[in-house]
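Asks: See my_file-v1.txt below, with compact mmCIF, C-alpha atoms and all ligand atoms.
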# COMPACT_ATOMS: atom_id res chain seq x y z
CA MET A 253 -10.68 -35.77 6.64
CA THR A 254 -8.52 -33.40 4.58
CA SER A 255 -8.86 -29.69 5.28
CA LYS A 256 -7.96 -26.78 3.03
CA VAL A 257 -4.25 -26.01 2.81
CA LYS A 258 -3.11 -22.50 1.95
CA LEU A 259 -0.62 -22.56 -0.93
CA TYR A 260 -1.18 -19.41 -2.96
CA PRO A 261 -1.57 -16.46 -0.52
CA GLY A 262 1.55 -17.38 1.53
CA THR A 263 3.66 -18.10 -1.53
CA TYR A 264 2.96 -14.71 -3.08
CA LYS A 265 3.28 -12.82 0.21
CA ASN A 266 6.63 -14.47 0.98
CA TYR A 267 7.83 -14.39 -2.65
CA SER A 268 10.96 -12.32 -1.97
CA GLU A 269 12.05 -14.19 1.18
CA GLU A 270 15.45 -15.85 0.63
CA ILE A 271 14.18 -19.26 1.70
CA TYR A 272 11.38 -19.30 -0.90
CA LYS A 273 13.84 -18.12 -3.59
CA ALA A 274 16.17 -20.96 -2.63
CA ILE A 275 13.29 -23.46 -2.78
CA ARG A 276 12.30 -22.18 -6.25
CA GLU A 277 15.87 -22.39 -7.51
CA GLU A 278 16.28 -25.93 -6.25
CA THR A 279 12.87 -26.97 -7.58
CA PHE A 280 12.86 -25.36 -11.01
CA GLY A 281 16.55 -24.82 -11.78
CA GLU A 282 15.83 -21.49 -13.49
CA ASP A 283 13.69 -19.44 -11.12
CA ILE A 284 11.22 -17.30 -13.06
CA GLY A 285 8.92 -16.97 -10.05
CA GLN A 286 6.65 -19.80 -11.09
CA ASN A 287 4.24 -21.40 -8.64
CA SER A 288 3.18 -24.34 -10.80
CA TRP A 289 4.72 -27.26 -12.73
CA LEU A 290 6.21 -24.95 -15.34
CA THR A 291 9.92 -24.83 -16.19
CA ALA A 292 11.55 -21.89 -17.96
CA ASP A 293 12.47 -24.07 -20.96
CA GLU A 294 8.90 -25.25 -21.27
CA TYR A 295 7.71 -21.63 -21.20
CA ARG A 296 10.20 -20.60 -23.91
CA GLU A 297 8.86 -23.39 -26.12
CA MET A 298 5.31 -22.15 -25.53
CA PHE A 299 6.36 -18.65 -26.67
CA SER A 300 7.52 -20.06 -29.98
CA LEU A 301 4.43 -22.26 -30.40
CA LEU A 302 2.36 -19.10 -29.94
CA GLY A 303 4.63 -17.02 -32.19
CA LEU A 304 4.81 -14.22 -29.62
CA THR A 305 6.46 -11.03 -30.83
CA SER A 306 6.81 -7.44 -29.66
CA GLY A 307 3.46 -6.63 -31.27
CA SER A 308 1.48 -9.33 -29.42
CA ALA A 309 -1.28 -8.43 -26.95
CA VAL A 310 -1.39 -11.27 -24.41
CA LEU A 311 -3.93 -12.05 -21.70
CA GLU A 312 -2.55 -14.25 -18.96
CA ILE A 313 -5.25 -15.78 -16.79
CA ALA A 314 -4.01 -16.52 -13.26
CA PRO A 315 -0.46 -15.14 -13.55
CA GLY A 316 0.24 -15.98 -9.90
CA SER A 317 3.31 -14.15 -8.61
CA GLY A 318 3.72 -12.31 -11.93
CA GLY A 319 7.21 -13.79 -12.30
CA PRO A 320 6.43 -15.85 -15.44
CA ALA A 321 4.59 -12.81 -16.88
CA ALA A 322 7.65 -10.55 -16.43
CA PHE A 323 9.80 -13.28 -17.98
CA MET A 324 7.49 -13.50 -21.02
CA VAL A 325 7.49 -9.74 -21.57
CA LYS A 326 11.30 -9.57 -21.25
CA VAL A 327 11.84 -12.45 -23.70
CA CYS A 328 9.14 -11.58 -26.28
CA GLY A 329 8.63 -7.84 -25.84
CA CYS A 330 4.84 -8.35 -25.88
CA ASP A 331 2.18 -6.42 -23.95
CA LEU A 332 0.60 -8.44 -21.15
CA THR A 333 -2.60 -8.13 -19.13
CA GLY A 334 -2.91 -10.42 -16.10
CA LEU A 335 -6.14 -11.41 -14.35
CA GLU A 336 -5.45 -13.08 -10.99
CA TYR A 337 -7.74 -13.91 -8.08
CA ASP A 338 -5.17 -13.71 -5.29
CA SER A 339 -4.54 -10.09 -4.24
CA ASN A 340 -1.05 -10.90 -2.87
CA GLY A 341 -0.24 -12.25 -6.33
CA VAL A 342 -1.50 -9.06 -8.00
CA ASP A 343 0.56 -6.86 -5.63
CA ASN A 344 3.65 -8.95 -6.24
CA SER A 345 3.12 -8.90 -10.03
CA ARG A 346 2.97 -5.10 -10.01
CA LYS A 347 6.10 -4.88 -7.85
CA LEU A 348 8.04 -7.24 -10.10
CA ALA A 349 6.98 -5.38 -13.25
CA GLU A 350 8.02 -2.07 -11.74
CA ALA A 351 11.38 -3.44 -10.58
CA SER A 352 12.04 -4.74 -14.12
CA GLY A 353 10.96 -1.50 -15.84
CA LEU A 354 7.97 -3.24 -17.45
CA THR A 355 5.08 -1.15 -16.15
CA ALA A 356 4.27 0.31 -19.58
CA GLN A 357 3.90 -3.17 -21.09
CA THR A 358 2.02 -4.84 -18.25
CA LYS A 359 -1.29 -4.45 -16.46
CA PHE A 360 -2.41 -6.68 -13.58
CA GLN A 361 -5.89 -6.76 -12.16
CA GLN A 362 -7.61 -8.73 -9.44
CA GLY A 363 -10.61 -10.77 -10.49
CA ASP A 364 -12.30 -14.15 -10.78
CA ALA A 365 -11.64 -15.64 -14.20
CA SER A 366 -14.64 -17.97 -13.79
CA GLU A 367 -16.82 -14.91 -14.22
CA PRO A 368 -17.37 -13.07 -17.53
CA LEU A 369 -13.97 -11.61 -18.46
CA PRO A 370 -13.73 -7.83 -17.96
CA PHE A 371 -12.44 -7.21 -21.51
CA GLU A 372 -13.94 -6.16 -24.85
CA ASP A 373 -14.51 -8.69 -27.65
CA GLY A 374 -11.39 -9.31 -29.74
CA SER A 375 -8.93 -7.62 -27.35
CA PHE A 376 -6.05 -10.13 -27.44
CA ASP A 377 -3.84 -12.00 -29.92
CA THR A 378 -3.09 -14.67 -27.33
CA VAL A 379 -4.58 -16.04 -24.14
CA ILE A 380 -2.40 -18.20 -21.92
CA THR A 381 -3.09 -19.88 -18.61
CA ILE A 382 -0.69 -22.23 -16.87
CA ASP A 383 -1.85 -24.90 -14.40
CA ALA A 384 -4.82 -22.79 -13.34
CA ILE A 385 -7.83 -23.73 -15.51
CA ASN A 386 -8.56 -26.52 -13.01
CA HIS A 387 -9.40 -23.83 -10.43
CA LEU A 388 -12.01 -22.11 -12.63
CA LYS A 389 -15.67 -23.06 -12.42
CA ASN A 390 -17.73 -23.85 -15.56
CA ARG A 391 -15.02 -24.80 -18.10
CA ASP A 392 -17.52 -24.49 -20.99
CA LYS A 393 -18.29 -20.86 -20.11
CA VAL A 394 -14.63 -20.01 -19.39
CA LEU A 395 -13.56 -21.29 -22.83
CA LYS A 396 -16.38 -19.37 -24.53
CA GLU A 397 -15.29 -16.19 -22.74
CA ILE A 398 -11.68 -16.72 -23.81
CA TYR A 399 -12.89 -17.23 -27.39
CA ARG A 400 -14.83 -13.97 -27.19
CA VAL A 401 -11.88 -11.86 -26.01
CA LEU A 402 -9.49 -13.30 -28.64
CA LYS A 403 -9.04 -11.56 -31.99
CA PRO A 404 -9.97 -13.61 -35.07
CA GLY A 405 -6.93 -15.83 -35.72
CA GLY A 406 -5.83 -15.49 -32.09
CA LYS A 407 -4.40 -18.41 -30.14
CA LEU A 408 -5.14 -20.03 -26.79
CA LEU A 409 -2.61 -22.12 -24.89
CA TYR A 410 -3.28 -23.71 -21.52
CA THR A 411 -2.13 -26.58 -19.38
CA ASP A 412 -4.63 -28.66 -17.42
CA PRO A 413 -2.78 -30.60 -14.69
CA ILE A 414 -5.92 -32.42 -13.52
CA VAL A 415 -6.80 -34.72 -16.41
CA VAL A 416 -7.99 -38.07 -15.10
CA THR A 417 -6.11 -40.91 -16.80
CA GLY A 418 -6.35 -43.63 -14.16
CA ILE A 419 -8.13 -44.80 -11.05
CA LEU A 420 -8.10 -42.44 -8.03
CA THR A 421 -9.33 -43.05 -4.49
CA ASN A 422 -11.48 -40.54 -2.62
CA GLU A 423 -8.58 -39.80 -0.24
CA GLU A 424 -6.15 -39.21 -3.16
CA ILE A 425 -8.62 -36.80 -4.75
CA ALA A 426 -9.05 -35.01 -1.39
CA VAL A 427 -5.31 -34.51 -0.85
CA ARG A 428 -4.67 -33.52 -4.50
CA SER A 429 -7.38 -30.87 -4.25
CA SER A 430 -6.63 -29.76 -0.68
CA ILE A 431 -5.29 -26.33 -1.78
CA GLY A 432 -8.55 -24.97 -3.19
CA TYR A 433 -11.40 -25.41 -5.70
CA PHE A 434 -10.61 -28.12 -8.29
CA LEU A 435 -12.17 -29.60 -11.41
CA PHE A 436 -11.09 -33.14 -12.28
CA THR A 437 -11.51 -33.54 -16.04
CA PRO A 438 -11.79 -36.77 -18.05
CA LEU A 439 -9.38 -37.28 -20.94
CA ASN A 440 -10.67 -35.70 -24.22
CA GLU A 441 -13.19 -33.44 -22.42
CA ASN A 442 -11.03 -30.35 -22.96
CA GLU A 443 -10.93 -31.04 -26.71
CA ARG A 444 -14.72 -31.41 -26.77
CA LEU A 445 -15.30 -28.16 -24.89
CA LEU A 446 -12.74 -26.27 -26.99
CA GLU A 447 -14.55 -27.35 -30.13
CA LEU A 448 -17.91 -26.42 -28.60
CA ALA A 449 -16.57 -22.94 -27.81
CA GLY A 450 -15.63 -22.50 -31.48
CA PHE A 451 -11.89 -23.22 -31.44
CA THR A 452 -10.19 -24.94 -34.38
CA ALA A 453 -6.81 -26.59 -35.03
CA ILE A 454 -6.92 -28.08 -31.54
CA GLN A 455 -3.68 -29.78 -30.51
CA SER A 456 -2.79 -31.46 -27.26
CA ARG A 457 0.44 -32.74 -25.76
CA ASP A 458 1.12 -34.77 -22.65
CA VAL A 459 3.40 -32.69 -20.39
CA THR A 460 2.98 -34.78 -17.23
CA GLU A 461 6.69 -35.41 -16.83
CA ASN A 462 7.37 -31.85 -15.63
CA MET A 463 4.68 -32.17 -12.97
CA SER A 464 6.15 -35.44 -11.74
CA SER A 465 9.72 -34.14 -11.48
CA VAL A 466 8.89 -30.62 -10.22
CA SER A 467 6.60 -31.90 -7.45
CA GLN A 468 9.25 -34.31 -6.20
CA LYS A 469 11.96 -31.60 -6.17
CA TRP A 470 9.57 -29.15 -4.45
CA PHE A 471 8.75 -31.72 -1.76
CA ASN A 472 12.46 -32.41 -1.17
CA ALA A 473 13.53 -28.74 -1.20
CA ARG A 474 10.88 -27.89 1.42
CA GLY A 475 11.58 -30.98 3.50
CA LYS A 476 15.25 -30.06 3.84
CA ARG A 477 14.26 -26.63 5.19
CA LYS A 478 11.53 -27.84 7.51
CA ASP A 479 12.88 -26.14 10.67
CA THR A 480 13.15 -22.72 9.02
CA LEU A 481 9.82 -23.07 7.20
CA LEU A 482 8.08 -23.89 10.47
CA LYS A 483 9.02 -20.41 11.70
CA ILE A 484 7.07 -18.91 8.76
CA GLU A 485 4.31 -21.47 8.11
CA ASP A 486 2.29 -23.12 10.88
CA SER A 487 2.78 -26.88 11.18
CA GLU A 488 -0.66 -27.66 9.74
CA THR A 489 0.20 -25.69 6.58
CA PHE A 490 3.68 -27.19 6.33
CA GLU A 491 2.46 -30.79 6.72
CA GLY A 492 -0.55 -30.17 4.46
CA LEU A 493 1.66 -28.83 1.69
CA GLN A 494 4.13 -31.70 2.01
CA ARG A 495 1.24 -34.16 1.74
CA PHE A 496 -0.02 -32.25 -1.30
CA PHE A 497 3.36 -32.23 -3.14
CA ASN A 498 3.92 -35.90 -2.37
CA MET A 499 0.47 -36.78 -3.75
CA VAL A 500 1.05 -34.70 -6.90
CA HIS A 501 4.24 -36.68 -7.47
CA THR A 502 2.67 -40.10 -6.86
CA LEU A 503 -0.34 -39.54 -9.11
CA SER A 504 1.67 -37.99 -11.96
CA HIS A 505 4.52 -40.51 -11.75
CA GLU A 506 1.94 -43.30 -11.98
CA LYS A 507 0.16 -41.42 -14.81
CA ARG A 508 -3.18 -41.62 -13.03
CA LEU A 509 -3.53 -37.85 -13.18
CA SER A 510 -2.00 -36.18 -16.23
CA ARG A 511 -0.97 -32.68 -17.20
CA ILE A 512 -1.96 -31.90 -20.77
CA MET A 513 -1.11 -28.79 -22.79
CA TYR A 514 -3.77 -27.54 -25.23
CA LEU A 515 -3.17 -25.19 -28.13
CA ALA A 516 -6.06 -23.92 -30.24
CA ASP A 517 -6.93 -21.20 -32.78
CA LYS A 518 -9.89 -18.86 -32.96
C1 LIG B 601 -0.83 -23.25 -9.88
S1 LIG B 601 -1.02 -21.50 -9.74
C2 LIG B 601 -0.29 -21.00 -11.28
C3 LIG B 601 0.19 -19.58 -11.28
C4 LIG B 601 0.99 -19.19 -12.52
N1 LIG B 601 0.23 -19.43 -13.72
C5 LIG B 601 2.31 -19.92 -12.56
O1 LIG B 601 2.49 -20.72 -13.50
O2 LIG B 601 3.13 -19.70 -11.68
C6 LIG B 601 -2.77 -21.25 -10.00
C7 LIG B 601 -3.20 -19.82 -9.89
O3 LIG B 601 -4.61 -19.72 -10.18
C8 LIG B 601 -5.11 -18.64 -9.40
N2 LIG B 601 -6.58 -18.73 -9.38
C9 LIG B 601 -7.33 -19.64 -8.70
N3 LIG B 601 -8.64 -19.41 -8.90
C10 LIG B 601 -8.73 -18.34 -9.73
C11 LIG B 601 -9.83 -17.63 -10.32
N4 LIG B 601 -11.08 -18.00 -10.08
N5 LIG B 601 -9.57 -16.56 -11.11
C12 LIG B 601 -8.27 -16.18 -11.35
N6 LIG B 601 -7.20 -16.82 -10.83
C13 LIG B 601 -7.42 -17.89 -10.05
C14 LIG B 601 -4.44 -18.87 -8.05
O4 LIG B 601 -4.54 -17.75 -7.21
C15 LIG B 601 -3.01 -19.20 -8.51
O5 LIG B 601 -2.24 -18.03 -8.63
Can you give me the file's structure in the form of structure tokens?
Ligand SMILES: C[S@@+](CC[C@H](N)C(=O)[O-])C[C@H]1O[C@@H](n2cnc3c(N)ncnc32)[C@H](O)[C@@H]1O
Replies:
Amino acid sequence: MTSKVKLYPGTYKNYSEEIYKAIREETFGEDIGQNSWLTADEYREMFSLLGLTSGSAVLEIAPGSGGPAAFMVKVCGCDLTGLEYDSNGVDNSRKLAEASGLTAQTKFQQGDASEPLPFEDGSFDTVITIDAINHLKNRDKVLKEIYRVLKPGGKLLYTDPIVVTGILTNEEIAVRSSIGYFLFTPLNENERLLELAGFTAIQSRDVTENMSSVSQKWFNARGKRKDTLLKIEDSETFEGLQRFFNMVHTLSHEKRLSRIMYLADK
């Protein structure tokens, strides 16, 4: 039986600890504070796909630590609103924005993005959400809400790292989803729901490779530091996370679970 493993609260609380910085650097190469399968180069490419400029009003759903958000605002000069469920993540996002002199361009609030979004119709040019849509209940309603808060002509970009593209056992599903609430989505279901929500010009791209390589590096970087990590994390959390990262790697390497990026227009 697989129990719940705490990934997000500890990661955001311990964000500034040297050991977690070292793990991020070794895992991602360029550490932008990500807590996902995102690399900095991949994010830069997303900025150009979205055509982000200094005038853009961006909503980031589930910004996590706020590191990628600060990176986006520094690179593009846009204004960013973040809606994140984890309160440690929200605190960290505010701290990072303040330390980088970005408080005027950023706003972070705590909330559940599965619920109706706390924003007026047509508030944003862009909505982005990285490796988080799988944690939100009712994908059809979430996409309709995103459509509502986008301006006409606005763009949505998200990655879904839980697209089922092969056979999975019950134990594999349990370990892969041991860190929280998960939706496992069949291939082509995102496209169907995007269309149903009203989106047009829907494009998708397989970006599984990043998930496969990042998860393996993350597993190795943590494994090397086991003794020190065990002074911060209890052994159940440490072992649970190692099992999780190893499973992410196996399923993505074997292409049984894929990470797909979706880009769509309102
Ligand atoms: C894999 S992390 C990605 C974080 C960030 N996008 C990044 O790339 O580093 C998924 C995030 O989704 C957040 N999350 C989970 N459920 C949520 C919900 N219902 N509403 C808002 N955020 C949620 C988690 O707290 C976590 O920060």
Asks: I'd like a table as JSON lines: residues in chain A with an atom no more than 10 Å from ligand LIG 601 (chain B), each row giving the shortest atom pair and its distance in Å to one decimal, only C-alpha atoms and all ligand atoms counted, sorted by chain and rising residue number.
Replies:
{"residue": "A:Leu259", "atom": "CA", "partner": "B:LIG601", "partner_atom": "C15", "distance": 8.6}
{"residue": "A:Tyr260", "atom": "CA", "partner": "B:LIG601", "partner_atom": "O4", "distance": 5.7}
{"residue": "A:Pro261", "atom": "CA", "partner": "B:LIG601", "partner_atom": "O4", "distance": 7.4}
{"residue": "A:Thr263", "atom": "CA", "partner": "B:LIG601", "partner_atom": "O5", "distance": 9.2}
{"residue": "A:Tyr264", "atom": "CA", "partner": "B:LIG601", "partner_atom": "O5", "distance": 8.3}
{"residue": "A:Ile284", "atom": "CA", "partner": "B:LIG601", "partner_atom": "O2", "distance": 8.6}
{"residue": "A:Gly285", "atom": "CA", "partner": "B:LIG601", "partner_atom": "O2", "distance": 6.6}
{"residue": "A:Gln286", "atom": "CA", "partner": "B:LIG601", "partner_atom": "O2", "distance": 3.6}
{"residue": "A:Asn287", "atom": "CA", "partner": "B:LIG601", "partner_atom": "O2", "distance": 3.7}
{"residue": "A:Ser288", "atom": "CA", "partner": "B:LIG601", "partner_atom": "C1", "distance": 4.3}
{"residue": "A:Trp289", "atom": "CA", "partner": "B:LIG601", "partner_atom": "O1", "distance": 7.0}
{"residue": "A:Leu290", "atom": "CA", "partner": "B:LIG601", "partner_atom": "O1", "distance": 5.9}
{"residue": "A:Thr291", "atom": "CA", "partner": "B:LIG601", "partner_atom": "O1", "distance": 8.9}
{"residue": "A:Tyr295", "atom": "CA", "partner": "B:LIG601", "partner_atom": "O1", "distance": 9.3}
{"residue": "A:Glu312", "atom": "CA", "partner": "B:LIG601", "partner_atom": "N1", "distance": 7.9}
{"residue": "A:Ile313", "atom": "CA", "partner": "B:LIG601", "partner_atom": "C12", "distance": 6.2}
{"residue": "A:Ala314", "atom": "CA", "partner": "B:LIG601", "partner_atom": "N6", "distance": 4.0}
{"residue": "A:Pro315", "atom": "CA", "partner": "B:LIG601", "partner_atom": "N1", "distance": 4.3}
{"residue": "A:Gly316", "atom": "CA", "partner": "B:LIG601", "partner_atom": "O5", "distance": 3.5}
{"residue": "A:Ser317", "atom": "CA", "partner": "B:LIG601", "partner_atom": "O2", "distance": 6.3}
{"residue": "A:Gly318", "atom": "CA", "partner": "B:LIG601", "partner_atom": "O2", "distance": 7.4}
{"residue": "A:Gly319", "atom": "CA", "partner": "B:LIG601", "partner_atom": "O2", "distance": 7.2}
{"residue": "A:Pro320", "atom": "CA", "partner": "B:LIG601", "partner_atom": "O2", "distance": 6.3}
{"residue": "A:Ala321", "atom": "CA", "partner": "B:LIG601", "partner_atom": "C4", "distance": 8.5}
{"residue": "A:Gly334", "atom": "CA", "partner": "B:LIG601", "partner_atom": "C12", "distance": 9.2}
{"residue": "A:Leu335", "atom": "CA", "partner": "B:LIG601", "partner_atom": "C12", "distance": 6.0}
{"residue": "A:Glu336", "atom": "CA", "partner": "B:LIG601", "partner_atom": "N6", "distance": 4.1}
{"residue": "A:Tyr337", "atom": "CA", "partner": "B:LIG601", "partner_atom": "C12", "distance": 4.0}
{"residue": "A:Asp338", "atom": "CA", "partner": "B:LIG601", "partner_atom": "O4", "distance": 4.5}
{"residue": "A:Ser339", "atom": "CA", "partner": "B:LIG601", "partner_atom": "O4", "distance": 8.2}
{"residue": "A:Asn340", "atom": "CA", "partner": "B:LIG601", "partner_atom": "O4", "distance": 8.8}
{"residue": "A:Gly341", "atom": "CA", "partner": "B:LIG601", "partner_atom": "O5", "distance": 6.5}
{"residue": "A:Val342", "atom": "CA", "partner": "B:LIG601", "partner_atom": "O5", "distance": 9.0}
{"residue": "A:Gln361", "atom": "CA", "partner": "B:LIG601", "partner_atom": "C12", "distance": 9.7}
{"residue": "A:Gln362", "atom": "CA", "partner": "B:LIG601", "partner_atom": "C12", "distance": 7.7}
{"residue": "A:Gly363", "atom": "CA", "partner": "B:LIG601", "partner_atom": "N5", "distance": 5.9}
{"residue": "A:Asp364", "atom": "CA", "partner": "B:LIG601", "partner_atom": "N5", "distance": 3.7}
{"residue": "A:Ala365", "atom": "CA", "partner": "B:LIG601", "partner_atom": "N5", "distance": 3.8}
{"residue": "A:Ser366", "atom": "CA", "partner": "B:LIG601", "partner_atom": "N4", "distance": 5.1}
{"residue": "A:Glu367", "atom": "CA", "partner": "B:LIG601", "partner_atom": "N4", "distance": 7.7}
{"residue": "A:Leu369", "atom": "CA", "partner": "B:LIG601", "partner_atom": "N5", "distance": 9.9}
{"residue": "A:Ile380", "atom": "CA", "partner": "B:LIG601", "partner_atom": "N1", "distance": 8.7}
{"residue": "A:Thr381", "atom": "CA", "partner": "B:LIG601", "partner_atom": "N1", "distance": 5.9}
{"residue": "A:Ile382", "atom": "CA", "partner": "B:LIG601", "partner_atom": "N1", "distance": 4.3}
{"residue": "A:Asp383", "atom": "CA", "partner": "B:LIG601", "partner_atom": "C1", "distance": 4.9}
{"residue": "A:Ala384", "atom": "CA", "partner": "B:LIG601", "partner_atom": "C6", "distance": 4.2}
{"residue": "A:Ile385", "atom": "CA", "partner": "B:LIG601", "partner_atom": "O3", "distance": 7.4}
{"residue": "A:Asn386", "atom": "CA", "partner": "B:LIG601", "partner_atom": "C9", "distance": 8.2}
{"residue": "A:His387", "atom": "CA", "partner": "B:LIG601", "partner_atom": "N3", "distance": 4.7}
{"residue": "A:Leu388", "atom": "CA", "partner": "B:LIG601", "partner_atom": "N4", "distance": 4.9}
{"residue": "A:Lys389", "atom": "CA", "partner": "B:LIG601", "partner_atom": "N4", "distance": 7.2}
{"residue": "A:Tyr410", "atom": "CA", "partner": "B:LIG601", "partner_atom": "N1", "distance": 9.6}
{"residue": "A:Thr411", "atom": "CA", "partner": "B:LIG601", "partner_atom": "N1", "distance": 9.4}
{"residue": "A:Pro413", "atom": "CA", "partner": "B:LIG601", "partner_atom": "C1", "distance": 9.0}
{"residue": "A:Ile431", "atom": "CA", "partner": "B:LIG601", "partner_atom": "C1", "distance": 9.7}
{"residue": "A:Gly432", "atom": "CA", "partner": "B:LIG601", "partner_atom": "C9", "distance": 7.8}
{"residue": "A:Tyr433", "atom": "CA", "partner": "B:LIG601", "partner_atom": "N3", "distance": 7.3}
{"residue": "A:Phe434", "atom": "CA", "partner": "B:LIG601", "partner_atom": "N3", "distance": 9.0}
Asks: For the selection just defined, write its residues with C-alpha atoms to a file, as a short mmCIF file (atom, residue, chain, number, x, y, z; two decimals), in the coordinates of the input.
Replies:
data_model
loop_
_atom_site.label_atom_id
_atom_site.label_comp_id
_atom_site.auth_asym_id
_atom_site.auth_seq_id
_atom_site.Cartn_x
_atom_site.Cartn_y
_atom_site.Cartn_z
CA LEU A 259 -0.62 -22.56 -0.93
CA TYR A 260 -1.18 -19.41 -2.96
CA PRO A 261 -1.57 -16.46 -0.52
CA THR A 263 3.66 -18.10 -1.53
CA TYR A 264 2.96 -14.71 -3.08
CA ILE A 284 11.22 -17.30 -13.06
CA GLY A 285 8.92 -16.97 -10.05
CA GLN A 286 6.65 -19.80 -11.09
CA ASN A 287 4.24 -21.40 -8.64
CA SER A 288 3.18 -24.34 -10.80
CA TRP A 289 4.72 -27.26 -12.73
CA LEU A 290 6.21 -24.95 -15.34
CA THR A 291 9.92 -24.83 -16.19
CA TYR A 295 7.71 -21.63 -21.20
CA GLU A 312 -2.55 -14.25 -18.96
CA ILE A 313 -5.25 -15.78 -16.79
CA ALA A 314 -4.01 -16.52 -13.26
CA PRO A 315 -0.46 -15.14 -13.55
CA GLY A 316 0.24 -15.98 -9.90
CA SER A 317 3.31 -14.15 -8.61
CA GLY A 318 3.72 -12.31 -11.93
CA GLY A 319 7.21 -13.79 -12.30
CA PRO A 320 6.43 -15.85 -15.44
CA ALA A 321 4.59 -12.81 -16.88
CA GLY A 334 -2.91 -10.42 -16.10
CA LEU A 335 -6.14 -11.41 -14.35
CA GLU A 336 -5.45 -13.08 -10.99
CA TYR A 337 -7.74 -13.91 -8.08
CA ASP A 338 -5.17 -13.71 -5.29
CA SER A 339 -4.54 -10.09 -4.24
CA ASN A 340 -1.05 -10.90 -2.87
CA GLY A 341 -0.24 -12.25 -6.33
CA VAL A 342 -1.50 -9.06 -8.00
CA GLN A 361 -5.89 -6.76 -12.16
CA GLN A 362 -7.61 -8.73 -9.44
CA GLY A 363 -10.61 -10.77 -10.49
CA ASP A 364 -12.30 -14.15 -10.78
CA ALA A 365 -11.64 -15.64 -14.20
CA SER A 366 -14.64 -17.97 -13.79
CA GLU A 367 -16.82 -14.91 -14.22
CA LEU A 369 -13.97 -11.61 -18.46
CA ILE A 380 -2.40 -18.20 -21.92
CA THR A 381 -3.09 -19.88 -18.61
CA ILE A 382 -0.69 -22.23 -16.87
CA ASP A 383 -1.85 -24.90 -14.40
CA ALA A 384 -4.82 -22.79 -13.34
CA ILE A 385 -7.83 -23.73 -15.51
CA ASN A 386 -8.56 -26.52 -13.01
CA HIS A 387 -9.40 -23.83 -10.43
CA LEU A 388 -12.01 -22.11 -12.63
CA LYS A 389 -15.67 -23.06 -12.42
CA TYR A 410 -3.28 -23.71 -21.52
CA THR A 411 -2.13 -26.58 -19.38
CA PRO A 413 -2.78 -30.60 -14.69
CA ILE A 431 -5.29 -26.33 -1.78
CA GLY A 432 -8.55 -24.97 -3.19
CA TYR A 433 -11.40 -25.41 -5.70
CA PHE A 434 -10.61 -28.12 -8.29
#
Asks: Please identify all polymer residues within 10 Å of region 455-463 of chain A, counting only C-alpha atoms, omitting same-chain residues fewer than 2 positions from it, and present them as number ranges by chain.
Replies: A: 280, 288-291, 294, 383, 409-415, 440, 442-443, 452-453, 465-469, 497, 500-501, 503-505, 507, 509-517
Asks: Given the choices A:Leu354, A:Ile398, A:Ala349, A:Leu408, which gets closest to Ile454 (chain A) if the distance is worked out from all atoms listed in the file?
Replies: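 Under the stated criterion, the closest residue is A:Leu408.
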Asks: Contacts of region 373-379 of chain A at 6 Å or less, counting all atoms listed in the file, minus same-chain residues fewer than 4 places along, as an MDAnalysis selection string?
Replies: chainID A and resid 308:312 400:403 406:408
Asks: Output C-alpha atoms for every residue in that selection, as a compact mmCIF listing (two decimals), in the coordinates of the input.
Replies:
# COMPACT_ATOMS: atom_id res chain seq x y z
CA SER A 308 1.48 -9.33 -29.42
CA ALA A 309 -1.28 -8.43 -26.95
CA VAL A 310 -1.39 -11.27 -24.41
CA LEU A 311 -3.93 -12.05 -21.70
CA GLU A 312 -2.55 -14.25 -18.96
CA ARG A 400 -14.83 -13.97 -27.19
CA VAL A 401 -11.88 -11.86 -26.01
CA LEU A 402 -9.49 -13.30 -28.64
CA LYS A 403 -9.04 -11.56 -31.99
CA GLY A 406 -5.83 -15.49 -32.09
CA LYS A 407 -4.40 -18.41 -30.14
CA LEU A 408 -5.14 -20.03 -26.79
Asks: Which value, in Å to one decimal, gives the distance between CA of Arg495 (chain A) and CA of Thr437 (chain A)?
Replies: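 The value is 21.9 Å.
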Asks: I need the residue nearest Leu481 (chain A) from this list: A:Leu493, A:Glu282, A:Leu448, A:Arg391. Use all atoms listed in the file for the distance.
Replies: A:Leu493
Asks: Measure the distance from CA of Tyr399 (chain A) to CA of Met324 (chain A) in Å and round it to one decimal.
Replies: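 Computing it gives 21.7 Å between the two atoms.
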Asks: In terms of the shortest atom-to-atom distance over only C-alpha atoms, which of A:Arg474, A:Arg444, A:Lys258, A:Ile484 is closest to Ser430 (chain A)?
Replies: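 With only C-alpha atoms as the atom set, the closest residue is A:Lys258.
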Asks: Please determine, counting only C-alpha atoms, which residue among A:Glu278, A:Glu506, A:Glu447, A:Glu372 has the shortest atom-to-atom distance to Lys476 (chain A).
Replies: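 The closest residue to Lys476 (chain A) is A:Glu278.
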